[in-house]
Amino acid sequence: MQKITRDTLVDKAISLLESKTITRVLGWRRGEFDYDASPAVFTDIEEIKREFVYSDFCGANLSKYLLKYTSREGEKVLVFLKPCDTYSFAQLLTEHRIDRERVYAVGIACDGMADIKRIKKVTGEGIMKIKPSENSLAVYTLYSDEPVYIEKKNATAERCDGCKSKKTVCCDETLGESEEQTEAVRFDGVERLEKMTSEERYAFWQGELSRCIRCNACRDVCPACTCEKCVFDNSASGVETKAPSDSFEEKMFHIIRALHVAGRCTDCGECSRVCPQGIPLHLLNRKLIKDINTLYGEYQAGETVGSASPLTSYSEDDPEPREAFERSGETK
Amino acid sequence: MILKCSDSSMSSAFARLSEKYSVYLPTDEKTTGGAKFSKWENSLPWSRVQNTVKGPKDFFFPQSEDLMRFRLEGKSIEIMPRTPSAEDFILFGVRPCDVKSLDVLDRVFLSDPVDSFYSSRREHGVIISTACSAPSETCFCTAFGILPWEPSGDAVTWRTEDTVFWEAMTPKGKEVLSLLDDILEECDGAEVEKQKSETRRIMERHPLSKLTADSFGGDVTEKLFGSEKWKQLSEACLGCGACTFVCPTCQCYDIKDLDTGNGVVRFRLWDSCMYSEFTKMAHGNNRTTQLERFRQRFMHKLVYYPANNDGLFGCVGCGRCISSCPVSMNTVKVMKALGGKTDE
């Protein structure tokens with residue numbers, strides 16, 4: 001399904017390593033199956049030839065790893081970034097979390113990443129092989145001699161259904177061209193929730209968040225969550241927790257997190273991708289993005305390096321707090 | 001003796017068992033396609049999903065539980081111990097790997113000093129397992145000597161399209177099955193044998209069925225601890241706790257005090273060796289890098305645990321770490337990198 005090939009990326013990595021333009025490569029390493037590539041850092045050309053992979057299952061956003069791998073003097077790290085990952089990269093630059101000089105950013109076209117959980121809903125378990133073709137995936141399982149063909153749109157991650165942009169930002173170069181974006185469905189999920197009564201919405205989130213096991217994967221993968229010490233890990237903070245002691249606590253954790261990244265979240269959707277319980281966390285962030293757009297005018301974190309978020313800047317046109325209250329429909 | 005009933009009569013069976021026990025069984029999570037253990041009520045259907053997202057650990061060792069309370073009044077402190085749960089319950093539809101995971105937990109919680117909360121739940125719980133007939137590609141229980149078609153437990157079931165076969169294995173299991181006298185009927189078990197051999201055949205083609213744990217165990221600590229490979233294996237690890245919290249055998253916990261204003265609730269909660277604050281003490285942290293934390297988790301399962309438990313591995317190959325890791329790093333990749341042999 002991805003038009004850009006693994007070989008294109010490998011050639012790029014090898015030529016930049018050979019010319020000593022870079023010291024390391026951030027990419028993806030092939031896994032045990034066709035769908036479980038891991039983020040990886042390479043320095044050895046032979047290893048790249050052997051292990052580097054790029055496929056519909058390279059959803060992992062590599063931008064956050066730059067924090068770790070560019071911390072040393074003299075490093076120049078080649079990182080491959082899909083369009084939405086470039087926004088995360090740009091936002092990290094805006095927040096002065098990465099030294100731009102230590103990064104060689106290559107934007108790569110993306111036609112949406114596949115979601116193995118969504119695929120398994122159709123094929124069931126026992127996946128042996130996944131072969132991509134232009135508009136579909138052929139999935140071979142232990143339980144059928146014939147492959148199951150899944151149309152691209154039914155295999156794509158929900159976060160990619162609402163792709164904000166195919167534009168890459170802040171890259172040294174870009175490889176490939178992404179498909180034209182289809183209709184804008186980015187806020188459909190949010191609008192469905194907005195149409196609910198507050199009781200229905202409460203029940204929806206209660207149901208979703210009740211599954212939370214508090215593994216912190218959403219936080220740890222989030223490129224906007226770069227605090228050196230998260231308040232929830234700090235035993236001296238008084239709010240450190242490793243287990244949901246009641247259902248309120250879960251809401252508190254996720255709502256605090258969503259508000260903490262509001263105006264900085266680039267909507268990469270990694271939080272939803274990694275949730276072992278399939279909680280659609282990106283909807284919380286998209287709701288805040290939509291509200292910011294409505295109240296302060298269109299704004300997308302990560303679209304421009306150095307831009308000031310409406311939530312951390314002031315202008316006389318800013319809405320008054322009562323406007324938010326009035327929108328809630330409450331009378332007092 | 002093998003007994004059977006139709007799949008459609010399972011609801012009556014659950015209703016009957018619910019008269020005497022709380023019955024928990026795997027049920028579908030509609031929005032995610034996953035499954036979880038739920039209390040049976042109102043004809044709740046039994047899921048056909050291979051594995052629940054979390055193992056059955058919560059039923060014996062919940063993610064969070066109160067141990068005792070202290071109430072302060074003036075200068076006196078009243079200590080209010082909590083009585084361990086005495087609910088008689090059936091955990092139904094437990095997979096072979098998950099049954100085995102309880103052996104791993106038993107060795108920790110039932111050895112001296114016995115954990116009274118855990119042991120009470122074990123005494124009051126009846127395990128009815130269900131054989132696997134369609135393992136996931138992520139299953140690798142056979143590496144630890146578990147056979148997906150041959151589960152253990154107080155009673156065992158095999159499920160086909162339309163029939164459920166039962167066999168009692170312990171007195172507890174016999175007692176439960178006797179409650180279903182009029183629902184279950186005797187049979188020759190030929191269909192069970194047929195399913196077993198079909199599953200065996202599937203496992204011959206299964207991508208992980210050749211994986212073995214031969215290179216691991218109690219006597220390889222020095223060889224593996226200093227391996228160069230940990231660096232690469234741990235490079236992508238985010239330090240989240242997903243693998244440890246879905247794992248049926250991870251048993252580390254922390255004990256904390258909650259200040260209630262007029263007293264204290266002392267509770268314990270699962271902890272994760274992947275977390276930076278794990279076992280933090282006055283002197284600081286035992287393991288300050290993610291490489292060390294990552295290594296600890298796998299060394300514990302594959303080396304330290306068997307060293308202290310007569311060779312029993314601390315992993316049962318349920319594959320949950322494979323499907324839950326945000327960066328797709330897991331026990332199988334670690335085993336293969338460090339020497340788990342395959343006959344490929």
# chains A, B, ... in the order shown; residues from 1 in each chain; ligands from 1
>>> residues_around(residues="Leu92 (chain A)", least_positions_apart="6", cutoff="10 Å", atoms="only C-alpha atoms", output="list in words")
Ser63, Lys64, Leu66, Leu67, Thr86, Ile98, Asp99, Arg100, Pro223, Ala224, Thr226, Arg264, Gly302, Val305 and Gly306 of chain A
>>> closest_atom_pairs(of="chain B", to="chain A", cutoff="9 Å", atoms="only C-alpha atoms", output="tab-separated table")
residue	atom	partner	partner_atom	distance
B:Thr31	CA	A:Gly278	CA	8.2
B:Thr32	CA	A:Gly278	CA	5.8
B:Gly33	CA	A:Lys121	CA	6.1
B:Gly34	CA	A:Gln277	CA	8.1
B:Val49	CA	A:Gly124	CA	8.7
B:Gln50	CA	A:Glu125	CA	7.8
B:Val53	CA	A:Gln277	CA	7.2
B:Gln63	CA	A:Ala243	CA	6.4
B:Ser64	CA	A:Ala243	CA	6.2
B:Glu65	CA	A:Ser245	CA	8.1
B:Ala134	CA	A:Gly126	CA	7.5
B:Pro135	CA	A:Gly126	CA	6.5
B:Ser136	CA	A:Gly126	CA	4.5
B:Glu137	CA	A:Gly126	CA	4.3
B:Thr138	CA	A:Gly126	CA	7.7
B:Ile202	CA	A:Leu142	CA	7.1
B:Arg205	CA	A:Leu142	CA	7.4
B:His206	CA	A:Leu142	CA	7.1
B:Pro207	CA	A:Met128	CA	7.2
B:Gln232	CA	A:Ala40	CA	8.0
B:Glu235	CA	A:Ala40	CA	6.8
B:Ala236	CA	A:Pro39	CA	5.6
B:Cys237	CA	A:Pro39	CA	8.9
B:Leu238	CA	A:Asp220	CA	5.9
B:Gly239	CA	A:Asp220	CA	7.1
B:Cys240	CA	A:Ala217	CA	5.0
B:Gly241	CA	A:Cys215	CA	4.4
B:Ala242	CA	A:Cys215	CA	4.8
B:Cys243	CA	A:Cys215	CA	8.3
B:Thr244	CA	A:Cys215	CA	8.2
B:Phe245	CA	A:Cys215	CA	6.6
B:Val246	CA	A:Ile213	CA	8.4
B:Asp254	CA	A:Lys242	CA	8.9
B:Leu269	CA	A:Ala243	CA	6.0
B:Trp270	CA	A:Ala243	CA	6.7
B:Asp271	CA	A:Lys242	CA	6.6
B:Ser272	CA	A:Lys242	CA	8.5
B:Tyr275	CA	A:Asp233	CA	8.4
B:Ser276	CA	A:Asp233	CA	7.9
B:Glu277	CA	A:Asp233	CA	6.9
B:Ile322	CA	A:Asp36	CA	8.5
B:Ser323	CA	A:Pro276	CA	7.8
B:Ser324	CA	A:Pro276	CA	5.0
B:Cys325	CA	A:Val274	CA	7.3
B:Pro326	CA	A:Val274	CA	4.7
B:Val327	CA	A:Ser38	CA	5.1
B:Ser328	CA	A:Asp36	CA	5.4
B:Met329	CA	A:Ser38	CA	6.7
B:Val332	CA	A:Glu32	CA	8.2
B:Lys333	CA	A:Glu32	CA	7.1
>>> select_by_dssp(residues="region 151-308 of chain A", states="strand (DSSP E or B)", output="ChimeraX atom specification")
/A:151,156,173-175
>>> write_last_selection(atoms="C-alpha atoms", output="short mmCIF file (atom, residue, chain, number, x, y, z; two decimals), in the first residue's frame")
data_model
loop_
_atom_site.label_atom_id
_atom_site.label_comp_id
_atom_site.auth_asym_id
_atom_site.auth_seq_id
_atom_site.Cartn_x
_atom_site.Cartn_y
_atom_site.Cartn_z
CA GLU A 151 -9.34 -3.25 1.22
CA THR A 156 -6.06 1.62 7.97
CA GLU A 173 14.46 16.48 2.11
CA THR A 174 11.30 14.56 1.29
CA LEU A 175 10.97 11.24 -0.49
#
>>> atom_distance(atom1="CA of His282 (chain A)", atom2="CA of Cys265 (chain A)")
9.8 Å
>>> residues_around(residues="Ser47 (chain B)", least_positions_apart="6", cutoff="12 Å", atoms="only C-alpha atoms", output="PyMOL selection string")
chain B and resi 7+10+24-30+33-38+40+92-94+130+159
>>> decode(residues="region 302-317 of chain B", atoms="N, CA and C atoms", output="PDB file, in the first residue's frame")
ATOM      1  N   LEU B 302      13.131 -15.807  32.590  1.00  0.00           N
ATOM      2  CA  LEU B 302      13.802 -16.913  31.896  1.00  0.00           C
ATOM      3  C   LEU B 302      14.993 -17.487  32.655  1.00  0.00           C
ATOM      4  N   VAL B 303      15.488 -16.750  33.645  1.00  0.00           N
ATOM      5  CA  VAL B 303      16.689 -17.216  34.350  1.00  0.00           C
ATOM      6  C   VAL B 303      16.496 -17.223  35.876  1.00  0.00           C
ATOM      7  N   TYR B 304      16.212 -16.060  36.469  1.00  0.00           N
ATOM      8  CA  TYR B 304      16.167 -16.011  37.936  1.00  0.00           C
ATOM      9  C   TYR B 304      15.017 -16.839  38.503  1.00  0.00           C
ATOM     10  N   TYR B 305      13.853 -16.726  37.875  1.00  0.00           N
ATOM     11  CA  TYR B 305      12.712 -17.477  38.415  1.00  0.00           C
ATOM     12  C   TYR B 305      12.971 -18.988  38.367  1.00  0.00           C
ATOM     13  N   PRO B 306      13.378 -19.544  37.223  1.00  0.00           N
ATOM     14  CA  PRO B 306      13.680 -20.980  37.228  1.00  0.00           C
ATOM     15  C   PRO B 306      14.807 -21.346  38.191  1.00  0.00           C
ATOM     16  N   ALA B 307      15.772 -20.421  38.392  1.00  0.00           N
ATOM     17  CA  ALA B 307      16.865 -20.715  39.327  1.00  0.00           C
ATOM     18  C   ALA B 307      16.331 -20.944  40.735  1.00  0.00           C
ATOM     19  N   ASN B 308      15.267 -20.229  41.068  1.00  0.00           N
ATOM     20  CA  ASN B 308      14.736 -20.328  42.426  1.00  0.00           C
ATOM     21  C   ASN B 308      13.533 -21.256  42.536  1.00  0.00           C
ATOM     22  N   ASN B 309      13.091 -21.818  41.420  1.00  0.00           N
ATOM     23  CA  ASN B 309      11.859 -22.602  41.443  1.00  0.00           C
ATOM     24  C   ASN B 309      11.990 -23.917  40.672  1.00  0.00           C
ATOM     25  N   ASP B 310      13.039 -24.618  40.938  1.00  0.00           N
ATOM     26  CA  ASP B 310      13.232 -25.965  40.381  1.00  0.00           C
ATOM     27  C   ASP B 310      13.092 -26.007  38.863  1.00  0.00           C
ATOM     28  N   GLY B 311      13.537 -24.964  38.214  1.00  0.00           N
ATOM     29  CA  GLY B 311      13.538 -24.990  36.755  1.00  0.00           C
ATOM     30  C   GLY B 311      12.248 -24.535  36.096  1.00  0.00           C
ATOM     31  N   LEU B 312      11.224 -24.252  36.901  1.00  0.00           N
ATOM     32  CA  LEU B 312       9.971 -23.766  36.305  1.00  0.00           C
ATOM     33  C   LEU B 312      10.193 -22.357  35.750  1.00  0.00           C
ATOM     34  N   PHE B 313       9.824 -22.147  34.483  1.00  0.00           N
ATOM     35  CA  PHE B 313      10.005 -20.818  33.886  1.00  0.00           C
ATOM     36  C   PHE B 313       8.931 -19.853  34.368  1.00  0.00           C
ATOM     37  N   GLY B 314       9.286 -18.585  34.409  1.00  0.00           N
ATOM     38  CA  GLY B 314       8.338 -17.560  34.834  1.00  0.00           C
ATOM     39  C   GLY B 314       7.541 -16.995  33.671  1.00  0.00           C
ATOM     40  N   CYS B 315       7.534 -17.685  32.542  1.00  0.00           N
ATOM     41  CA  CYS B 315       6.762 -17.260  31.369  1.00  0.00           C
ATOM     42  C   CYS B 315       5.976 -18.470  30.901  1.00  0.00           C
ATOM     43  N   VAL B 316       4.744 -18.235  30.452  1.00  0.00           N
ATOM     44  CA  VAL B 316       3.927 -19.351  29.991  1.00  0.00           C
ATOM     45  C   VAL B 316       3.602 -19.244  28.497  1.00  0.00           C
ATOM     46  N   GLY B 317       4.183 -18.245  27.831  1.00  0.00           N
ATOM     47  CA  GLY B 317       4.024 -18.142  26.384  1.00  0.00           C
ATOM     48  C   GLY B 317       2.628 -17.759  25.917  1.00  0.00           C
TER      49      GLY B 317
END
